[in-house]
>>> print(open('start-v4.cif').read())   # mmCIF, C-alpha atoms and all ligand atoms
data_target
loop_
_atom_site.label_atom_id
_atom_site.label_comp_id
_atom_site.auth_asym_id
_atom_site.auth_seq_id
_atom_site.Cartn_x
_atom_site.Cartn_y
_atom_site.Cartn_z
CA MET A 4 11.28 17.24 2.27
CA MET A 5 9.58 20.45 3.48
CA SER A 6 10.43 22.17 0.21
CA THR A 7 6.87 22.42 -1.01
CA LYS A 8 4.19 24.92 -0.12
CA THR A 9 1.79 24.14 2.70
CA CYS A 10 -1.90 24.95 2.88
CA ARG A 11 -2.44 28.26 4.64
CA THR A 12 -5.24 26.88 6.84
CA CYS A 13 -4.12 23.33 7.71
CA ILE A 14 -0.71 21.65 7.47
CA LEU A 15 -1.11 19.60 4.30
CA PRO A 16 1.71 20.13 1.83
CA GLU A 17 0.87 20.77 -1.79
CA THR A 18 0.83 17.55 -3.81
CA SER A 19 -0.64 16.56 -7.16
CA LEU A 20 -3.66 15.00 -5.41
CA PHE A 21 -4.04 17.98 -3.11
CA PRO A 22 -3.22 21.12 -5.06
CA LEU A 23 -3.54 24.54 -3.43
CA ASP A 24 -5.90 27.10 -4.91
CA ALA A 25 -5.08 30.74 -5.69
CA SER A 26 -5.75 31.76 -2.09
CA GLY A 27 -3.38 29.07 -0.78
CA ASN A 28 -5.97 26.65 0.58
CA CYS A 29 -5.97 22.90 -0.03
CA LYS A 30 -8.77 20.87 -1.56
CA LEU A 31 -10.03 19.69 1.84
CA CYS A 32 -10.10 23.11 3.46
CA ASN A 33 -12.16 24.11 0.42
CA SER A 34 -14.60 21.20 0.76
CA PRO A 35 -16.52 21.81 3.98
CA SER A 36 -19.18 19.27 2.96
CA LEU A 37 -16.67 16.39 3.05
CA LEU A 38 -15.71 17.39 6.57
CA LYS A 39 -19.15 18.02 8.00
CA HIS A 40 -19.16 14.90 10.14
CA ILE A 41 -15.60 15.57 11.33
CA VAL A 42 -15.97 19.13 12.52
CA LYS A 43 -19.36 18.62 14.15
CA LYS A 44 -19.64 20.19 17.63
CA PRO A 45 -20.22 17.96 20.68
CA ASP A 46 -23.86 17.38 21.64
CA LEU A 47 -23.87 16.80 25.39
CA GLU A 48 -27.62 17.10 25.65
CA GLU A 49 -28.09 14.23 23.23
CA LEU A 50 -25.45 12.25 25.12
CA GLU A 51 -27.36 12.75 28.39
CA ARG A 52 -30.53 11.61 26.67
CA LEU A 53 -28.77 8.49 25.35
CA ILE A 54 -27.31 7.68 28.78
CA ALA A 55 -30.75 7.95 30.39
CA GLN A 56 -32.16 5.61 27.77
CA ILE A 57 -29.29 3.17 28.30
CA LYS A 58 -29.95 3.08 32.04
CA GLN A 59 -33.62 2.53 31.39
CA ASN A 60 -32.89 -0.37 29.03
CA GLY A 61 -30.40 -1.82 31.50
CA LYS A 62 -32.94 -2.22 34.28
CA ASN A 63 -33.20 -5.84 35.48
CA ARG A 64 -30.11 -6.74 33.49
CA ASP A 65 -26.57 -7.35 34.69
CA PHE A 66 -25.05 -4.64 32.51
CA ASP A 67 -26.08 -1.34 30.98
CA CYS A 68 -23.75 -1.46 28.03
CA ILE A 69 -20.93 -3.23 26.28
CA VAL A 70 -18.05 -1.32 24.76
CA GLY A 71 -15.35 -2.05 22.24
CA TRP A 72 -12.03 -1.52 24.00
CA SER A 73 -8.82 -1.45 22.00
CA GLY A 74 -6.73 -0.44 25.00
CA GLY A 75 -5.76 2.78 23.24
CA ARG A 76 -6.17 6.32 24.46
CA ASP A 77 -9.69 7.09 23.22
CA SER A 78 -11.46 3.88 24.21
CA THR A 79 -9.75 3.81 27.61
CA PHE A 80 -10.79 7.37 28.41
CA MET A 81 -14.31 6.63 27.19
CA ILE A 82 -14.68 3.64 29.51
CA HIS A 83 -13.45 5.71 32.42
CA GLU A 84 -16.09 8.35 31.70
CA LEU A 85 -18.90 5.83 31.23
CA VAL A 86 -18.10 4.19 34.57
CA ARG A 87 -17.01 7.12 36.73
CA LYS A 88 -18.95 10.03 35.28
CA TYR A 89 -22.13 8.36 34.07
CA ASN A 90 -22.23 5.40 36.48
CA LEU A 91 -22.92 2.84 33.80
CA ARG A 92 -22.33 -0.86 34.48
CA CYS A 93 -19.98 -1.75 31.64
CA ALA A 94 -18.79 -4.92 30.02
CA ALA A 95 -15.93 -4.50 27.58
CA VAL A 96 -14.71 -6.55 24.65
CA PHE A 97 -10.96 -6.29 24.33
CA GLY A 98 -9.92 -7.57 20.91
CA ARG A 99 -6.31 -8.63 21.04
CA THR A 100 -4.42 -8.95 17.74
CA PRO A 101 -0.94 -10.20 16.85
CA PHE A 102 0.00 -6.50 16.71
CA THR A 103 -1.22 -5.49 20.16
CA PRO A 104 1.75 -4.42 22.30
CA ILE A 105 2.05 -6.32 25.58
CA GLU A 106 1.98 -3.02 27.52
CA ILE A 107 -1.50 -2.35 26.11
CA THR A 108 -2.75 -5.76 27.24
CA ASP A 109 -1.30 -5.10 30.70
CA ASN A 110 -2.98 -1.67 30.78
CA VAL A 111 -6.33 -3.21 29.92
CA HIS A 112 -6.08 -5.86 32.65
CA ALA A 113 -5.06 -3.37 35.33
CA ILE A 114 -7.63 -0.72 34.38
CA ALA A 115 -10.48 -3.25 34.08
CA ASP A 116 -9.72 -4.21 37.69
CA LYS A 117 -9.58 -0.62 38.84
CA LEU A 118 -12.86 0.34 37.21
CA ASP A 119 -14.54 -2.97 38.00
CA ILE A 120 -15.40 -3.74 34.38
CA LYS A 121 -16.39 -7.17 33.16
CA LEU A 122 -13.68 -7.90 30.63
CA VAL A 123 -14.30 -10.21 27.69
CA GLU A 124 -11.01 -10.89 26.01
CA ILE A 125 -11.03 -12.18 22.46
CA GLU A 126 -8.49 -12.72 19.73
CA THR A 127 -8.72 -11.94 16.05
CA PRO A 128 -8.88 -14.99 13.69
CA ALA A 129 -5.87 -17.30 13.75
CA ASN A 130 -4.82 -16.34 10.21
CA HIS A 131 -4.57 -12.62 11.06
CA ARG A 132 -0.79 -12.52 10.81
CA GLU A 133 -0.76 -14.60 7.64
CA ILE A 134 -3.29 -12.32 5.93
CA ALA A 135 -1.55 -9.14 7.06
CA GLY A 136 1.80 -10.47 5.82
CA TYR A 137 0.30 -11.63 2.54
CA CYS A 138 -1.37 -8.28 1.81
CA LEU A 139 1.69 -6.33 2.83
CA LYS A 140 3.91 -8.39 0.55
CA LYS A 141 1.50 -7.80 -2.35
CA TYR A 142 1.42 -4.13 -1.47
CA LEU A 143 5.19 -3.87 -1.63
CA GLU A 144 5.07 -5.50 -5.08
CA THR A 145 2.17 -3.53 -6.53
CA ARG A 146 1.71 -0.41 -4.35
CA THR A 147 -2.07 -0.82 -4.57
CA PRO A 148 -3.30 1.26 -1.61
CA ILE A 149 -6.32 -0.88 -0.80
CA LEU A 150 -4.05 -3.82 0.03
CA ILE A 151 -2.96 -1.96 3.14
CA ASN A 152 -6.58 -1.73 4.24
CA LEU A 153 -7.13 -5.40 3.45
CA ALA A 154 -4.11 -6.22 5.60
CA CYS A 155 -6.24 -5.08 8.53
CA ALA A 156 -9.27 -7.16 7.48
CA SER A 157 -9.02 -9.55 10.44
CA CYS A 158 -9.56 -6.76 12.95
CA LYS A 159 -13.02 -6.16 11.55
CA PHE A 160 -14.15 -9.47 13.02
CA ILE A 161 -13.96 -7.81 16.43
CA ASN A 162 -17.05 -5.83 15.39
CA ARG A 163 -18.98 -9.04 14.89
CA GLU A 164 -17.75 -10.39 18.21
CA ILE A 165 -18.97 -7.34 20.12
CA PHE A 166 -22.48 -7.95 18.82
CA ARG A 167 -22.28 -11.64 19.67
CA GLN A 168 -21.14 -10.86 23.20
CA ALA A 169 -23.91 -8.28 23.61
CA LYS A 170 -26.40 -10.97 22.71
CA ARG A 171 -24.79 -13.57 24.98
CA LEU A 172 -24.79 -11.22 27.97
CA SER A 173 -28.23 -9.84 27.14
CA ILE A 174 -26.94 -6.27 26.79
CA LYS A 175 -29.00 -3.76 24.82
CA THR A 176 -26.41 -1.04 24.16
CA ILE A 177 -23.09 -1.07 22.34
CA ILE A 178 -20.78 1.93 22.61
CA TYR A 179 -17.73 2.55 20.48
CA GLY A 180 -14.91 5.00 21.00
CA GLY A 181 -14.37 5.97 17.38
CA ASN A 182 -12.68 9.29 16.94
CA ARG A 183 -13.93 11.41 14.06
CA TYR A 184 -10.64 13.20 13.55
CA GLU A 185 -8.93 10.00 12.45
CA TYR A 186 -11.04 9.86 9.33
CA PHE A 187 -9.29 11.18 6.27
CA PRO A 188 -11.53 12.00 3.32
CA SER A 189 -10.10 11.49 -0.15
CA GLY A 190 -7.60 8.97 1.21
CA PRO A 191 -6.36 6.27 -1.15
CA ALA A 192 -8.96 3.76 0.00
CA SER A 193 -11.59 5.87 1.67
CA ILE A 194 -15.25 5.66 0.78
CA ASP A 195 -16.40 9.26 0.71
CA ILE A 196 -20.06 9.87 1.22
CA ASP A 197 -20.96 13.50 1.41
CA SER A 198 -23.36 13.61 4.32
CA GLU A 199 -23.66 14.74 7.89
CA ASN A 200 -25.36 11.45 8.61
CA ARG A 201 -22.50 9.32 7.36
CA TYR A 202 -23.61 6.12 9.12
CA SER A 203 -27.33 6.16 8.40
CA PHE A 204 -28.78 2.93 7.04
CA ALA A 205 -29.13 4.37 3.54
CA ASN A 206 -25.59 5.70 3.49
CA MET A 207 -24.18 2.43 4.77
CA LEU A 208 -26.03 0.63 2.00
CA ARG A 209 -24.35 2.96 -0.50
CA ASP A 210 -21.07 2.38 1.33
CA ASN A 211 -21.46 -1.39 0.93
CA PHE A 212 -22.08 -1.13 -2.81
CA LEU A 213 -19.17 1.24 -3.30
CA ARG A 214 -16.89 -1.16 -1.42
CA LEU A 215 -18.12 -4.13 -3.45
CA ALA A 216 -17.50 -2.27 -6.70
CA LYS A 217 -14.02 -1.32 -5.52
CA GLY A 218 -13.39 -4.88 -4.36
CA VAL A 219 -14.33 -6.35 -7.72
CA LYS A 220 -11.85 -4.03 -9.42
CA VAL A 221 -9.08 -4.98 -7.02
CA LEU A 222 -9.76 -8.69 -7.47
CA ALA A 223 -9.76 -8.34 -11.24
CA ALA A 224 -6.33 -6.72 -11.00
CA SER A 225 -4.90 -9.14 -8.41
CA PRO A 226 -6.64 -12.51 -8.74
CA ALA A 227 -4.25 -14.00 -6.16
CA LEU A 228 -6.38 -12.28 -3.54
CA PHE A 229 -9.18 -14.80 -4.12
CA LYS A 230 -7.34 -16.96 -1.64
CA HIS A 231 -8.66 -14.85 1.21
CA LEU A 232 -11.91 -13.80 -0.43
CA TYR A 233 -14.15 -14.63 2.51
CA THR A 234 -12.10 -12.59 4.95
CA PHE A 235 -11.99 -9.62 2.61
CA PHE A 236 -15.68 -9.75 1.87
CA ALA A 237 -16.65 -10.15 5.51
CA ALA A 238 -14.28 -7.41 6.58
CA SER A 239 -15.21 -4.84 3.97
CA VAL A 240 -18.94 -5.42 3.69
CA LEU A 241 -20.35 -7.35 6.64
CA TYR A 242 -18.28 -5.99 9.51
CA VAL A 243 -16.30 -3.00 8.23
CA ASN A 244 -17.72 -0.97 11.08
CA GLN A 245 -20.46 -1.32 13.64
CA TYR A 246 -23.00 0.41 11.44
CA THR A 247 -23.14 -2.05 8.56
CA VAL A 248 -26.44 -3.06 7.06
CA PHE A 249 -25.64 -6.68 7.86
CA LEU A 250 -25.03 -6.14 11.58
CA ARG A 251 -28.08 -3.94 11.92
CA LEU A 252 -30.36 -6.51 10.37
CA ARG A 253 -28.71 -9.42 12.16
CA TYR A 254 -28.89 -7.79 15.61
CA PRO A 255 -31.94 -5.54 15.70
CA GLY A 256 -33.06 -3.63 18.80
CA ILE A 257 -29.60 -2.61 19.91
CA ILE A 258 -28.72 1.00 20.71
CA LEU A 259 -25.47 1.69 19.01
CA PHE A 260 -23.35 4.82 18.93
CA ASP A 261 -19.89 6.31 19.08
CA TYR A 262 -19.23 8.14 22.32
CA TYR A 263 -17.17 10.87 20.66
CA HIS A 264 -19.87 11.65 18.15
CA TYR A 265 -21.57 13.38 21.10
CA ALA A 266 -19.00 13.86 23.85
CA ASP A 267 -16.26 16.42 23.67
CA TRP A 268 -12.93 15.04 22.59
CA ASP A 269 -10.43 16.88 24.74
CA GLU A 270 -6.94 15.48 24.45
CA GLY A 271 -5.55 17.30 27.48
CA LYS A 272 -8.28 15.96 29.72
CA MET A 273 -7.81 12.46 28.31
CA LEU A 274 -4.12 12.39 29.02
CA GLU A 275 -4.72 13.50 32.58
CA VAL A 276 -7.19 10.68 33.19
CA LEU A 277 -4.89 8.13 31.54
CA LYS A 278 -2.07 9.26 33.78
CA ASN A 279 -4.21 8.76 36.86
CA LEU A 280 -5.14 5.30 35.60
CA GLU A 281 -1.41 4.57 35.16
CA TRP A 282 -1.92 3.77 31.49
CA GLN A 283 1.56 3.07 30.06
CA LEU A 284 2.67 4.11 26.60
CA PRO A 285 4.31 1.16 24.74
CA PRO A 286 7.97 1.55 23.75
CA GLY A 287 8.67 3.37 20.51
CA CYS A 288 5.48 5.44 20.70
CA ASN A 289 6.16 9.14 20.49
CA SER A 290 2.47 9.97 20.58
CA THR A 291 -0.67 8.40 22.02
CA TRP A 292 -2.32 8.10 18.59
CA ARG A 293 -2.97 4.43 17.86
CA ALA A 294 -0.58 3.27 20.56
CA ASP A 295 -2.63 0.07 20.63
CA CYS A 296 -1.34 -1.37 17.33
CA VAL A 297 2.21 -1.69 15.96
CA PHE A 298 0.88 -2.31 12.44
CA GLU A 299 -0.07 1.35 12.48
CA ALA A 300 3.57 2.15 11.69
CA VAL A 301 3.22 0.17 8.45
CA LYS A 302 -0.03 1.87 7.53
CA ASN A 303 1.46 5.23 8.26
CA THR A 304 4.56 4.57 6.15
CA ALA A 305 2.41 3.40 3.23
CA PHE A 306 0.07 6.37 3.65
CA LYS A 307 2.96 8.80 3.55
CA ASN A 308 4.44 7.11 0.54
CA GLN A 309 1.14 7.17 -1.30
CA LEU A 310 0.07 10.72 -0.53
CA GLY A 311 3.26 12.60 0.19
CA PHE A 312 2.31 13.44 3.77
CA SER A 313 1.88 11.47 6.97
CA TYR A 314 -1.28 10.31 8.67
CA GLY A 315 -0.33 12.67 11.50
CA GLN A 316 -0.37 15.59 9.08
CA ALA A 317 -3.81 14.53 7.88
CA MET A 318 -5.21 14.11 11.40
CA TYR A 319 -3.76 17.31 12.77
CA SER A 320 -5.21 19.08 9.76
CA ASN A 321 -8.61 17.74 10.80
CA LEU A 322 -8.02 18.99 14.34
CA ILE A 323 -7.15 22.44 13.01
CA ARG A 324 -10.29 22.54 10.86
CA ALA A 325 -12.33 21.48 13.89
CA GLY A 326 -10.78 24.28 15.93
CA LYS A 327 -9.10 21.83 18.34
CA ILE A 328 -5.51 22.94 17.86
CA THR A 329 -3.75 25.80 16.13
CA ARG A 330 -1.64 25.45 13.03
CA GLU A 331 1.46 26.32 15.09
CA GLU A 332 0.70 23.59 17.64
CA ALA A 333 0.25 21.09 14.83
CA PHE A 334 3.67 21.93 13.36
CA ALA A 335 5.28 21.66 16.78
CA ARG A 336 3.77 18.22 17.34
CA LEU A 337 4.76 16.92 13.92
CA GLU A 338 8.31 17.89 14.71
CA LYS A 339 8.53 15.32 17.51
CA GLU A 340 6.10 12.68 16.23
CA SER A 341 7.70 10.85 13.35
CA ILE A 342 6.92 7.25 12.41
CA SER A 343 8.59 4.94 14.91
CA GLU A 344 11.27 2.78 13.27
CA LEU A 345 11.08 0.45 16.24
CA ARG A 346 7.39 -0.18 15.73
CA LEU A 347 7.75 -0.43 11.96
CA HIS A 348 10.43 -3.09 12.33
CA GLU A 349 8.39 -4.94 14.93
CA ALA A 350 5.34 -5.01 12.62
CA LEU A 351 7.39 -6.18 9.63
CA LYS A 352 8.95 -8.92 11.72
CA LEU A 353 5.51 -10.09 12.83
CA CYS A 354 4.47 -10.21 9.15
CA GLY A 355 7.47 -12.36 8.33
CA LEU A 356 9.06 -9.64 6.19
CA PRO A 357 12.58 -8.19 6.40
CA GLU A 358 13.09 -5.06 8.49
CA ASP A 359 14.22 -3.07 5.47
CA SER A 360 11.15 -3.88 3.34
CA PHE A 361 10.14 -0.24 3.10
CA ASP A 362 13.60 1.21 2.58
CA ASP A 363 13.31 1.35 -1.23
CA ILE A 364 9.99 3.08 -1.00
CA LYS A 365 11.02 5.49 1.71
CA SER A 366 14.08 6.75 -0.09
CA LYS A 367 12.06 7.64 -3.18
ZN ZN A 401 -5.85 22.73 4.08
#
>>> encode(input="start-v4.cif", output="C-alpha cells")
Amino acid sequence: MMSTKTCRTCILPETSLFPLDASGNCKLCNSPSLLKHIVKKPDLEELERLIAQIKQNGKNRDFDCIVGWSGGRDSTFMIHELVRKYNLRCAAVFGRTPFTPIEITDNVHAIADKLDIKLVEIETPANHREIAGYCLKKYLETRTPILINLACASCKFINREIFRQAKRLSIKTIIYGGNRYEYFPSGPASIDIDSENRYSFANMLRDNFLRLAKGVKVLAASPALFKHLYTFFAASVLYVNQYTVFLRLRYPGIILFDYYHYADWDEGKMLEVLKNLEWQLPPGCNSTWRADCVFEAVKNTAFKNQLGFSYGQAMYSNLIRAGKITREEAFARLEKESISELRLHEALKLCGLPEDSFDDIKSK
C-alpha cells in the first residue's frame, strides 16, 4: 500500500485528512504550533531544580516521590534514573490491567527488587475487560473512533489511584513517565489545544469542556453507551490524565510533572539501561513501544484503518520533527515493526471477540 506520496519531511503518506502542499509537506509539518509541546528541547536545569525541591519536600518523610509505573520502556528507564542518578527514594504504583503481559509483571517485580523500590501493585476496575470488549464490539459495528479511546477508559482510574497512594503514604511529589512523542495531534479522538503549556490549569479546563461536548455528541449517536456512563465520564473528565482540574483541586499541594518533559529522551541510552536491568520484551513485540499492553495492537489496527497510516508512522514522524531520528532511520524501523498479529489476537481473545474480527476492516 505504499503507492501514495509521502511527506518530504516526515513519513506520513498523503491521505484525504493529511494532504500534501505544493512543496510536498504534510499538514503537521506545516503546523509548528500544534507540535510546540512535542518538539520542545530538554530542560535539565529545570529538572535539577525540581529534584532539589523534591528532596527538600521529602525530608522527614519515608519517600521523596511516587511514580506511575506501567512496566514499559519509558517508565522503567525513568525509575532507574530517579533512583540511581538522582538518589530519590521512590515508591511506585504499578497498575496491572487484563492486557498487561505476564513478562511485564515479572519485569516489574524483579526490577523493583533490584532498585529497592516500594512497589504498590493495583488492578484496574473489575469490569475493565467487559468495557473494553463492549466498546470494541461497538467500534467494529460503527467505526466511531472515540469508541477505541473509551475502550481504554478503565486504565484512567490508575491516575486516581496514584494520587490516593501519594496521600496514604504522605508523599508530596508524583512523577509520570509520559512521552511527548506518543501524542498525535489531529488524531481521530485527540483534543488539540494550541499551546506550549498544554497542561496548564486553564488549558485543562478547556480540555474538559471539549471532551464533555464530544462525549455528549457520541452519546447522542450511540445511546447504548449510557450503560457505562460513569466510567466514561470519570475516565475522560476526572482522570483522563494527571493534570485534570478535578485531581488538582482534590489533591492540592502536590508537585506533579512528567519526567520526559524536562529530561532528554534518548532511546539508545534507555535500551542499554533496560538490558542491564534484564527487562524482557514480551512475545510478539517487534519494538519496545507500548510493550506493556497487548490492547495496543487493537488501537494501532483501528488507528491505521481510520487514518491510512500506523501509529508507528505518526510517532516516528514526531521523532523526525523533533530531530531525534532521520527520515531514513524511520523508514528502516517501519520496515521491521508491523502490528503484531499475535498480540492483536491475544487482545481480541481477552475481549471475548473472534480472532478475525478485524479481517474485514484490514482488507479494505
Ligand atoms: Zn510531514
>>> atom_distance(input="start-v4.cif", atom1="atom CA of A:Glu344", atom2="atom CA of A:Gly180")
27.4 Å
>>> axis_aligned_box(input="start-v4.cif", around="stretch 143-155 of chain A", padding_each_side="5 Å", output="lines of an AutoDock Vina configuration file")
center_x = -1.0
center_y = -2.5
center_z = 1.0
size_x = 22.3
size_y = 17.5
size_z = 25.1
>>> residues_near_point(input="start-v4.cif", point="(0.3, 7.6, 18.8)", cutoff="9 Å", atoms="all atoms listed in the file", output="PyMOL selection string")
chain A and resi 75-76+284+288-295+299+315+340
>>> atom_distance(input="start-v4.cif", atom1="atom CA of A:Phe66", atom2="atom CA of A:Thr247")
24.2 Å
>>> closest_residue(input="start-v4.cif", among="A:Asp24, A:Ala113, A:Leu31, A:Glu270", to="ligand ZN 401 (chain A)", atoms="all atoms listed in the file")
A:Leu31
>>> residues_near_ligand(input="start-v4.cif", ligand="ligand ZN 401 (chain A)", cutoff="9 Å", atoms="all atoms listed in the file", output="PyMOL selection string")
chain A and resi 9-16+21+23+27-33+320-321+324
>>> closest_atom_pairs(input="start-v4.cif", of="stretch 232-317 of chain A", to="stretch 347-357 of chain A", cutoff="9 Å", atoms="all atoms listed in the file", output="CSV")
residue,atom,partner,partner_atom,distance
A:Cys296,CA,A:Ala350,CA,8.9
A:Val297,CA,A:Ala350,CA,5.7
A:Phe298,CA,A:Ala350,CA,5.2
A:Glu299,CA,A:Leu347,CA,8.0
A:Ala300,CA,A:Leu347,CA,4.9
A:Val301,CA,A:Leu347,CA,5.8
A:Thr304,CA,A:Leu347,CA,8.3
>>> atom_distance(input="start-v4.cif", atom1="atom CA of A:Tyr179", atom2="atom CA of A:Leu259")
7.9 Å
>>> residues_around(input="start-v4.cif", residues="A:Leu91", least_positions_apart="4", cutoff="8 Å", atoms="all atoms listed in the file", output="list in words")
Lys58, Phe66, Asp67, Cys68, Leu85, Val86 and Arg87 of chain A
